[in-house]
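Participant: Sending over a structure as C-alpha cells; questions will come in a sec.
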Amino acid sequence: MKKLLIALMTTTAAFSLAASAEAADKLKACWVYTGPIGDFGYSYQHDQGRLEVEKALGDKVETAYLENVSEGPDADRAFERLAREGCKLIFGTSFGFMDAEVKVAKKFPKVMFEHATGYKTGDNLGIYNARFYEGRYVLGQIAAKESKSGVAGYIVSFPIPEVVMGINSFMLGAQSINPNFKAKIVWVNSWFDPGKEADAAKALFDQGADIIVQHTDSTAALQVAEERKLHGFGQSSDMIKFAPNAQLTSLTDEWGPYYISRVQAAIDGTWKPDNVWLGIKDGAVKLAPYTNMPDDVKAMAEATEKKIAGGWNPFTGPIAKQDGTPWLKDGEVADDGTLLGMNFYVKGVDDKLPQ
Amino acid sequence: MDITVNILLTIATAATPLLIAAIGELVVERSGVLNLGVEGMMIMGAVGGFGAGYLTGSPWIGLLAAIAMGALFSLLFAVMTLSLATNQVATGLSLTLLGLGLSGMMGTSFVGQPGERLPNLDIPGLTSLPVIGRLLFGQDPIFYISIALTAAVMWFLFKTRTGLTLRSIGDSHASAHALGIKVIRYRYLSVIFGGACAGLAGGHLSLVYTPQWVENMTAGRGWIALALVVFASWRPWRVLAGAYIFGAVWIGQLHAQAFGIPVPSQMLSSLPYLATIVVLVLISRNKRLTMMNTPASLGQPFVPDR
C-alpha cells in the first residue's frame, strides 16, 4: 500500500510537473525525501526548506517533491522520473540516495544534482551537510549550567559517527563548565519510536538525570520532561509547543537559506557542484530561542554560539580519548575526515560505545 | 521507594496498549478468525483518537473516536474475509499496510501539534496514599479499562454460554453451523470487538503514552500484541502476564543502560522479546492443554452452504 501511495504521489507530482512545463522561464527545483514530511523531524525540516524557497523566490521557481522514497531501486526511479519531467535542480536529502543520484546524474548531464550527507561528487553533482555538533557543544554548556544533579540523560539512536560526534561535542561543552559533569546514555536502537523515547526519558529521570538530550526525532522525551517539571532540548524542529516550560532550546536544521542560495544560483546560471559542510555561521544549524533559563546562562550560550560562528571548532585540543590517551594536542583542531568517521568517545563519557 | 513506584507506573504504561490489543485479538482468534491487521487498526485508532481530541479539545471524545475508528476499520476486514471469504492472512496484512498509509494521510495537519492528554485518576485522600496510592488510584483511565477488559473477557469466554458458543465456532465452524449457530454473525461481532480494542490501544498511544501524532507511531506494537496471543496459547491471563513481562523487561533494559551496565545495547533491546517468549513457552509447555486451547479452525474461511 505504501508503494501504491508512493506511485500515486509520483503520478500526482508528474501531473503537476507536466502542467507547469509551459511556464518555461520558471526553474523547476525538486526534492526527494526518504521519510514522510509528517515526521516533524528530518524530512519535515527539509520540506520546510523547500517551502522557504517557494516563499523567497516566488514565481521564479516551481517546486515539487517525492516523500517516502526508500533507499534502493525506488530511489533510482524517483530521481530519473524527476529529471525526465523537467526538474532542473534536484536535491536528494538522505545518505542512502548517494549511489542512485550518482547514477542518474551521469545520465542527465544537463540537470543539476545535490546530495545531502554523502561523499560522492560529480560534474553536475554537489554535496552538502550540516555541522550539528557545533550546536551540541552549546547544549552541553547549558546542561552543565542548568543541571542541579550534574547528570544529563542522553537518548540516542544508532552508534554512527554523526551521533558519536554529537555525544562527544555535548560532553566537551558540559565539561568546559563542570569538569565532573556526567551523561547517562541510553541507546533506543531506533530513529523513531515515540513510546520508547518516552520510556527512556522516564528511566533516565528516575535515575537522577534532570536534563534530557536526544538524538532521536520525536517530541516524546520533551513531553516527559514537561510532565516531570524538568528540562530538555528539542531536536530537528523547534518543539517549544510540546514543552513550553521544559524546552531550554532546540537544535534545529535550517536548510532554507542554503536551498534559496542554490536555487538562486541555478536561476542565475552560476550553479557549480560544491562540497559544503554548513554550520552555525551559515545559519544551517540553528538554536531555537533560549527559554526557561536565567539571563546569564542565556548570555553564555549566545557568546558560545557567536564564538563558533566566528570559526572556533569545539573539537580543539587538548582533548583526550575515553581511555585517557591523548587525541588532540593543545590548540590542534580535528580535521573533517576524522569527525565524519568518528568511532570513539572523548574522556568523561560514561558509556561503552556499541560496536 | 519513589523510584520503584515510578518504574512500576512506567511498566504499566508500556504494557497497557499491548494488553488491550492482544485481548481483542484473542477474542477474534478464539472465534476462528486470524486478523493480522492489528497494527493497522491500532494506528487508525491513534490518528482518530488524536484528531478527535485535538479538534474538540476533549481527550474523552478522542478516546471514543479511537475505539470507533478501530471498530470501523476492522469492519472492512470483516466484510472482506467473512462475507467475501477472502484469504485472512493476505487481507490482514493489507489492512495493516492500508492503515499505516491512510493514517499518515489523515494525520497530515496534526503533525507538530501538541495533543490532549487523558488525565490520570485523582481521588482525594486515596491517590495521595504513600506507595499504593499512585499505583492503585493514580493511573490513566485506559489502564483500568485494560484490567477490567481482561477480567471481562475471561469471564465471558469461560463462564458464559455465549462465550462457549464463540469458542465452539473457533474449534469447528462446520459443526457450529450444523447446530444452527450463526457463525458469520458471531465472527463479525468478534472482529469488530477486536478492532475496537486495537483502536483503543492506539488511542492509548496518542492520548496517554505520548500525546502527539506522528506517522507510524505504533512502531510495531500491533505485531507484538499478535505474537503475545499465540505465545499465551489463547488464554487471557497469560496475555496479561505476557504483556507485563514484556513491559517490565522493556523498561528494565532501559534502566540497565542508564545505570551503565556494560552489555551491548542491541542485546538489551532484544531482551523483552526473548524473555516474553521464553516465559510464555515455559508456562504453556503442556502440549495437550495448548492443543486444546488452539482454535482448530483458526484462519480458515467459512462459506455456509445454503
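Letters A, B, ... go to the chains of the C-alpha cells in the order shown; residues in each chain start at 1; ligands are counted from 1 in the same order.
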Please provide the set of residues having any atom within 10 Å of B:Ala232, restricted to only C-alpha atoms, with same-chain residues fewer than 3 positions apart removed, written as a CSV table (one decimal) with N, CA and C atoms, in the first residue's frame.
Facilitator:
chain,number,residue,atom,x,y,z
B,22,ALA,N,-4.0,-7.1,22.4
B,22,ALA,CA,-3.9,-8.6,22.4
B,22,ALA,C,-5.1,-9.3,22.9
B,26,LEU,N,-7.3,-11.8,20.9
B,26,LEU,CA,-7.6,-13.1,21.4
B,26,LEU,C,-9.0,-13.6,21.2
B,227,ALA,N,1.8,-11.5,18.5
B,227,ALA,CA,2.7,-12.6,19.0
B,227,ALA,C,2.3,-13.0,20.4
B,228,LEU,N,1.9,-12.1,21.2
B,228,LEU,CA,1.6,-12.4,22.6
B,228,LEU,C,0.4,-13.4,22.7
B,229,VAL,N,-0.6,-13.2,21.8
B,229,VAL,CA,-1.8,-14.0,21.8
B,229,VAL,C,-1.3,-15.5,21.5
B,235,ARG,N,-5.0,-17.8,26.1
B,235,ARG,CA,-5.5,-17.7,27.5
B,235,ARG,C,-5.4,-16.2,27.9
B,236,PRO,N,-6.5,-15.6,28.3
B,236,PRO,CA,-6.4,-14.1,28.7
B,236,PRO,C,-5.4,-13.8,29.8
B,237,TRP,N,-5.4,-14.6,30.9
B,237,TRP,CA,-4.5,-14.3,32.0
B,237,TRP,C,-3.0,-14.4,31.6
B,238,ARG,N,-2.7,-15.3,30.6
B,238,ARG,CA,-1.4,-15.4,30.1
B,238,ARG,C,-1.0,-14.2,29.3
B,239,VAL,N,-2.0,-13.7,28.5
B,239,VAL,CA,-1.8,-12.5,27.7
B,239,VAL,C,-1.4,-11.3,28.7
B,240,LEU,N,-2.2,-11.3,29.8
B,240,LEU,CA,-1.9,-10.2,30.8
B,240,LEU,C,-0.4,-10.4,31.3
B,241,ALA,N,-0.1,-11.6,31.7
B,241,ALA,CA,1.2,-11.9,32.2
B,241,ALA,C,2.3,-11.5,31.1
B,242,GLY,N,2.0,-11.9,29.9
B,242,GLY,CA,3.0,-11.7,28.8
B,242,GLY,C,3.2,-10.2,28.6
B,243,ALA,N,2.1,-9.4,28.6
B,243,ALA,CA,2.2,-8.0,28.3
B,243,ALA,C,3.0,-7.4,29.4
B,276,THR,N,9.9,-12.6,27.0
B,276,THR,CA,8.5,-12.9,26.9
B,276,THR,C,8.2,-14.3,26.3
B,277,ILE,N,8.9,-14.5,25.2
B,277,ILE,CA,8.7,-15.8,24.5
B,277,ILE,C,9.1,-17.0,25.4
B,279,VAL,N,9.3,-17.2,28.7
B,279,VAL,CA,8.4,-17.4,29.9
B,279,VAL,C,7.1,-18.0,29.4
B,280,LEU,N,6.5,-17.4,28.3
B,280,LEU,CA,5.2,-17.9,27.9
B,280,LEU,C,5.3,-19.3,27.3
B,281,VAL,N,6.4,-19.7,26.7
B,281,VAL,CA,6.6,-21.0,26.2
B,281,VAL,C,6.7,-22.0,27.4
B,283,ILE,N,5.3,-21.6,30.4
B,283,ILE,CA,4.1,-21.8,31.1
B,283,ILE,C,3.1,-22.5,30.3
B,284,SER,N,3.3,-22.5,28.9
B,284,SER,CA,2.3,-23.3,28.1
B,284,SER,C,3.0,-24.5,27.5
B,290,THR,N,-2.3,-27.0,25.4
B,290,THR,CA,-2.1,-26.0,24.3
B,290,THR,C,-2.9,-26.4,23.1
B,293,ASN,N,-6.4,-25.5,23.6
B,293,ASN,CA,-6.7,-24.0,23.6
B,293,ASN,C,-6.6,-23.5,22.2
Participant: Only residues of chain A matter here; which ones have an atom within 9 Å of chain B, counting only C-alpha atoms? Give them as a ChimeraX atom specification.
Facilitator: /A:1-2,5,36-40,153-154,184-189,192-196,198-200,202-204,206-207,218-221,223-224,237,239,241-243,350-355
Participant: Do you have the atom CA of B:Thr56-atom CA of B:Pro17 distance handy?
Facilitator: 23.4 Å
Participant: What is the atom CA of B:Ile132-atom CA of B:Ile147 distance in Å, reported with one decimal?
Facilitator: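 Going from atom CA of B:Ile132 over to atom CA of B:Ile147 covers 16.6 Å.
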Participant: Find the residues around B:His173 up to 9 Å (only C-alpha atoms counted), leave out those fewer than 4 positions away in its own chain, and share them as a tab-separated table (two decimals) with C-alpha atoms, in the first residue's frame.
Facilitator:
chain	number	residue	atom	x	y	z
B	31	SER	CA	-13.81	-17.28	17.09
B	32	GLY	CA	-11.53	-18.81	14.44
B	168	SER	CA	-17.00	-23.77	19.62
B	169	ILE	CA	-17.16	-21.76	16.40
B	177	HIS	CA	-23.16	-24.13	11.68
B	178	ALA	CA	-24.83	-27.55	11.63
B	181	ILE	CA	-25.33	-21.23	15.28
B	183	VAL	CA	-21.22	-18.41	12.60
B	297	SER	CA	-10.39	-23.65	12.56
B	302	PHE	CA	-16.08	-20.32	6.15
Participant: Which polymer residues have any atom within 12 Å of an atom of A:Pro179, counting only C-alpha atoms, with same-chain residues fewer than 2 positions away left out, as a PyMOL selection string?
Facilitator: chain A and resi 140-141+144-145+150-151+171-177+181-183+347-349
Participant: Just write the chosen residues, C-alpha atoms, as a PDB file, in the first residue's frame.
Facilitator:
ATOM      1  CA  GLY A 140      26.353  20.771  26.723  1.00  0.00           C
ATOM      2  CA  GLN A 141      27.275  24.104  28.262  1.00  0.00           C
ATOM      3  CA  ALA A 144      26.066  21.823  32.822  1.00  0.00           C
ATOM      4  CA  LYS A 145      24.882  25.244  33.988  1.00  0.00           C
ATOM      5  CA  GLY A 150      25.174  17.281  37.427  1.00  0.00           C
ATOM      6  CA  VAL A 151      23.792  14.434  35.346  1.00  0.00           C
ATOM      7  CA  MET A 171      30.346  16.356  26.721  1.00  0.00           C
ATOM      8  CA  LEU A 172      33.163  18.727  25.775  1.00  0.00           C
ATOM      9  CA  GLY A 173      30.731  21.617  26.165  1.00  0.00           C
ATOM     10  CA  ALA A 174      29.468  20.354  29.517  1.00  0.00           C
ATOM     11  CA  GLN A 175      32.970  19.681  30.842  1.00  0.00           C
ATOM     12  CA  SER A 176      34.059  23.199  29.924  1.00  0.00           C
ATOM     13  CA  ILE A 177      31.629  24.367  32.619  1.00  0.00           C
ATOM     14  CA  PHE A 181      29.580  16.523  34.595  1.00  0.00           C
ATOM     15  CA  LYS A 182      28.116  13.124  33.724  1.00  0.00           C
ATOM     16  CA  ALA A 183      25.788  11.943  30.995  1.00  0.00           C
ATOM     17  CA  LYS A 347      37.288  11.465  28.043  1.00  0.00           C
ATOM     18  CA  GLY A 348      34.472  11.645  30.563  1.00  0.00           C
ATOM     19  CA  VAL A 349      31.781   9.840  28.587  1.00  0.00           C
TER      20      VAL A 349
END
Participant: Quick one: DSSP helix (DSSP H, G or I) residues in stretch 49-120 of chain A, as number ranges by chain?
Facilitator: A: 49-60, 73-84, 95-107
Participant: Restricted to C-alpha atoms, what would the selected residues look like written as a CSV table (one decimal), in the first residue's frame?
Facilitator:
chain,number,residue,atom,x,y,z
A,49,GLY,CA,13.4,24.5,3.4
A,50,ARG,CA,11.6,23.8,0.2
A,51,LEU,CA,8.7,26.0,1.3
A,52,GLU,CA,11.1,28.8,2.1
A,53,VAL,CA,12.5,28.6,-1.4
A,54,GLU,CA,8.9,29.0,-2.8
A,55,LYS,CA,8.3,31.9,-0.5
A,56,ALA,CA,11.6,33.7,-1.2
A,57,LEU,CA,11.8,33.2,-4.9
A,58,GLY,CA,8.1,33.4,-5.7
A,59,ASP,CA,7.2,32.9,-9.3
A,60,LYS,CA,10.8,32.5,-10.4
A,73,PRO,CA,16.0,0.8,-6.7
A,74,ASP,CA,13.0,3.0,-5.9
A,75,ALA,CA,15.4,5.9,-5.5
A,76,ASP,CA,16.8,5.4,-9.0
A,77,ARG,CA,13.3,5.6,-10.4
A,78,ALA,CA,12.4,8.6,-8.3
A,79,PHE,CA,15.4,10.7,-9.5
A,80,GLU,CA,15.1,9.6,-13.1
A,81,ARG,CA,11.4,10.5,-13.1
A,82,LEU,CA,12.0,13.9,-11.7
A,83,ALA,CA,14.9,14.5,-14.2
A,84,ARG,CA,12.7,13.4,-17.2
A,95,PHE,CA,22.6,9.4,2.8
A,96,GLY,CA,21.2,6.3,1.2
A,97,PHE,CA,20.3,8.1,-2.1
A,98,MET,CA,24.0,8.5,-2.9
A,99,ASP,CA,24.5,5.8,-5.5
A,100,ALA,CA,21.2,6.4,-7.1
A,101,GLU,CA,22.0,10.1,-7.5
A,102,VAL,CA,25.4,9.4,-8.9
A,103,LYS,CA,23.9,7.1,-11.5
A,104,VAL,CA,21.1,9.4,-12.6
A,105,ALA,CA,23.3,12.4,-12.6
A,106,LYS,CA,25.6,10.8,-15.2
A,107,LYS,CA,22.5,10.0,-17.3
Participant: Neighbouring residues of B:Leu200 were defined as those with any atom within 7 Å, considering only C-alpha atoms; residues of the same chain fewer than 3 positions away were excluded. Please report them as a PDB file with N, CA and C atoms, in the first residue's frame.
Facilitator:
ATOM      1  N   GLY B  45      -6.655   3.902  15.102  1.00  0.00           N
ATOM      2  CA  GLY B  45      -7.175   4.363  16.387  1.00  0.00           C
ATOM      3  C   GLY B  45      -6.362   5.529  16.921  1.00  0.00           C
ATOM      4  N   LEU B  63     -10.920   9.450  23.016  1.00  0.00           N
ATOM      5  CA  LEU B  63     -10.948   8.049  23.427  1.00  0.00           C
ATOM      6  C   LEU B  63     -12.048   7.290  22.682  1.00  0.00           C
ATOM      7  N   ALA B  66     -11.201   6.898  19.035  1.00  0.00           N
ATOM      8  CA  ALA B  66     -10.191   5.870  18.794  1.00  0.00           C
ATOM      9  C   ALA B  66     -10.854   4.503  18.707  1.00  0.00           C
ATOM     10  N   ILE B  67     -11.764   4.242  19.650  1.00  0.00           N
ATOM     11  CA  ILE B  67     -12.470   2.961  19.656  1.00  0.00           C
ATOM     12  C   ILE B  67     -13.297   2.814  18.380  1.00  0.00           C
ATOM     13  N   ALA B 196     -12.161  -2.653  17.856  1.00  0.00           N
ATOM     14  CA  ALA B 196     -12.387  -1.613  18.864  1.00  0.00           C
ATOM     15  C   ALA B 196     -11.246  -1.622  19.883  1.00  0.00           C
ATOM     16  N   CYS B 197     -10.827  -2.831  20.287  1.00  0.00           N
ATOM     17  CA  CYS B 197      -9.725  -2.938  21.251  1.00  0.00           C
ATOM     18  C   CYS B 197      -8.431  -2.386  20.658  1.00  0.00           C
ATOM     19  N   GLY B 203      -5.360   4.551  20.695  1.00  0.00           N
ATOM     20  CA  GLY B 203      -5.738   5.770  21.401  1.00  0.00           C
ATOM     21  C   GLY B 203      -4.889   5.973  22.647  1.00  0.00           C
ATOM     22  N   HIS B 204      -4.549   4.876  23.305  1.00  0.00           N
ATOM     23  CA  HIS B 204      -3.675   4.980  24.478  1.00  0.00           C
ATOM     24  C   HIS B 204      -2.332   5.608  24.085  1.00  0.00           C
TER      25      HIS B 204
END
Participant: Rounded to one decimal in Å, what is the spacing between atom CA of A:Gly72 and atom CA of A:Asp123?
Facilitator: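 A separation of 22.6 Å between them.
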Participant: B:Asn87: which residues within 10 Å, counting only C-alpha atoms, same-chain residues fewer than 5 positions away excluded, as a list in words?
Facilitator: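 So, after excluding close chain neighbours, the residues are Leu34, Met80, Thr81, Leu82, Gly92, Gly299, Gln300 and Pro301 of chain B.
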Participant: At a cut-off of 10 Å, using only C-alpha atoms, what residues contact A:Val163? Leave out same-chain residues fewer than 5 positions from it and give the result as a tab-separated table (two decimals) with N, CA and C atoms, in the first residue's frame.
Facilitator:
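around.tsv, freshly written:
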chain	number	residue	atom	x	y	z
A	132	PHE	N	26.04	19.63	12.94
A	132	PHE	CA	25.16	19.68	14.10
A	132	PHE	C	25.94	19.64	15.41
A	133	TYR	N	27.17	19.11	15.34
A	133	TYR	CA	27.94	19.00	16.57
A	133	TYR	C	28.23	20.38	17.17
A	156	VAL	N	19.89	8.18	22.51
A	156	VAL	CA	20.49	8.11	21.19
A	156	VAL	C	19.96	6.94	20.38
A	157	SER	N	20.14	7.05	19.06
A	157	SER	CA	19.57	6.06	18.16
A	157	SER	C	20.58	4.97	17.83
A	158	PHE	N	21.47	5.26	16.90
A	158	PHE	CA	22.43	4.24	16.44
A	158	PHE	C	23.86	4.77	16.57
A	168	ASN	N	30.15	13.44	21.91
A	168	ASN	CA	31.46	13.99	22.28
A	168	ASN	C	31.41	15.50	22.41
A	169	SER	N	30.80	16.14	21.42
A	169	SER	CA	30.74	17.59	21.44
A	169	SER	C	29.94	18.08	22.64
A	214	GLN	N	18.53	14.55	23.27
A	214	GLN	CA	18.20	13.42	22.42
A	214	GLN	C	18.82	13.53	21.05
A	215	HIS	N	19.11	12.36	20.49
A	215	HIS	CA	19.48	12.29	19.08
A	215	HIS	C	18.54	11.32	18.40
A	216	THR	N	17.27	11.48	18.71
A	216	THR	CA	16.18	10.75	18.08
A	216	THR	C	15.19	11.82	17.69
A	342	MET	N	34.05	9.40	13.02
A	342	MET	CA	34.30	9.27	14.45
A	342	MET	C	33.68	8.00	15.06
A	343	ASN	N	34.54	7.20	15.67
A	343	ASN	CA	34.02	5.96	16.28
A	343	ASN	C	34.62	5.74	17.67
Participant: For the strand (DSSP E or B) assignment from backbone DSSP, which residues of stretch 100-146 of chain A qualify? Please present them as an mmCIF file with N, CA and C atoms, in the first residue's frame.
Facilitator:
data_model
loop_
_atom_site.group_PDB
_atom_site.id
_atom_site.type_symbol
_atom_site.label_atom_id
_atom_site.label_comp_id
_atom_site.auth_asym_id
_atom_site.auth_seq_id
_atom_site.Cartn_x
_atom_site.Cartn_y
_atom_site.Cartn_z
ATOM 1 N N MET A 112 21.019 19.642 -12.697
ATOM 2 C CA MET A 112 21.903 19.857 -11.554
ATOM 3 C C MET A 112 21.428 18.998 -10.380
ATOM 4 N N PHE A 113 22.365 18.319 -9.740
ATOM 5 C CA PHE A 113 22.010 17.458 -8.615
ATOM 6 C C PHE A 113 22.744 17.891 -7.349
ATOM 7 N N GLU A 114 22.078 17.708 -6.209
ATOM 8 C CA GLU A 114 22.750 17.938 -4.929
ATOM 9 C C GLU A 114 22.372 16.805 -3.981
ATOM 10 N N HIS A 115 23.334 16.370 -3.190
ATOM 11 C CA HIS A 115 23.081 15.254 -2.282
ATOM 12 C C HIS A 115 23.504 15.611 -0.861
ATOM 13 N N ALA A 116 22.599 15.384 0.080
ATOM 14 C CA ALA A 116 22.895 15.723 1.470
ATOM 15 C C ALA A 116 23.580 14.574 2.188
ATOM 16 N N GLY A 122 30.242 14.754 -8.544
ATOM 17 C CA GLY A 122 30.364 14.570 -9.983
ATOM 18 C C GLY A 122 30.328 15.918 -10.670
ATOM 19 N N LEU A 125 27.005 17.097 -9.827
ATOM 20 C CA LEU A 125 26.502 16.607 -8.547
ATOM 21 C C LEU A 125 27.325 17.195 -7.397
ATOM 22 N N GLY A 126 26.691 17.997 -6.595
ATOM 23 C CA GLY A 126 27.352 18.587 -5.426
ATOM 24 C C GLY A 126 26.859 17.937 -4.147
ATOM 25 N N ILE A 127 27.591 18.133 -3.046
ATOM 26 C CA ILE A 127 27.137 17.577 -1.775
ATOM 27 C C ILE A 127 27.088 18.658 -0.703
ATOM 28 N N TYR A 128 26.221 18.444 0.260
ATOM 29 C CA TYR A 128 26.083 19.398 1.361
ATOM 30 C C TYR A 128 25.713 18.665 2.637
ATOM 31 N N ASN A 129 26.079 19.237 3.770
ATOM 32 C CA ASN A 129 25.835 18.604 5.065
ATOM 33 C C ASN A 129 25.825 19.708 6.114
ATOM 34 N N ALA A 130 25.448 19.365 7.339
ATOM 35 C CA ALA A 130 25.413 20.381 8.396
ATOM 36 C C ALA A 130 26.200 19.918 9.610
#
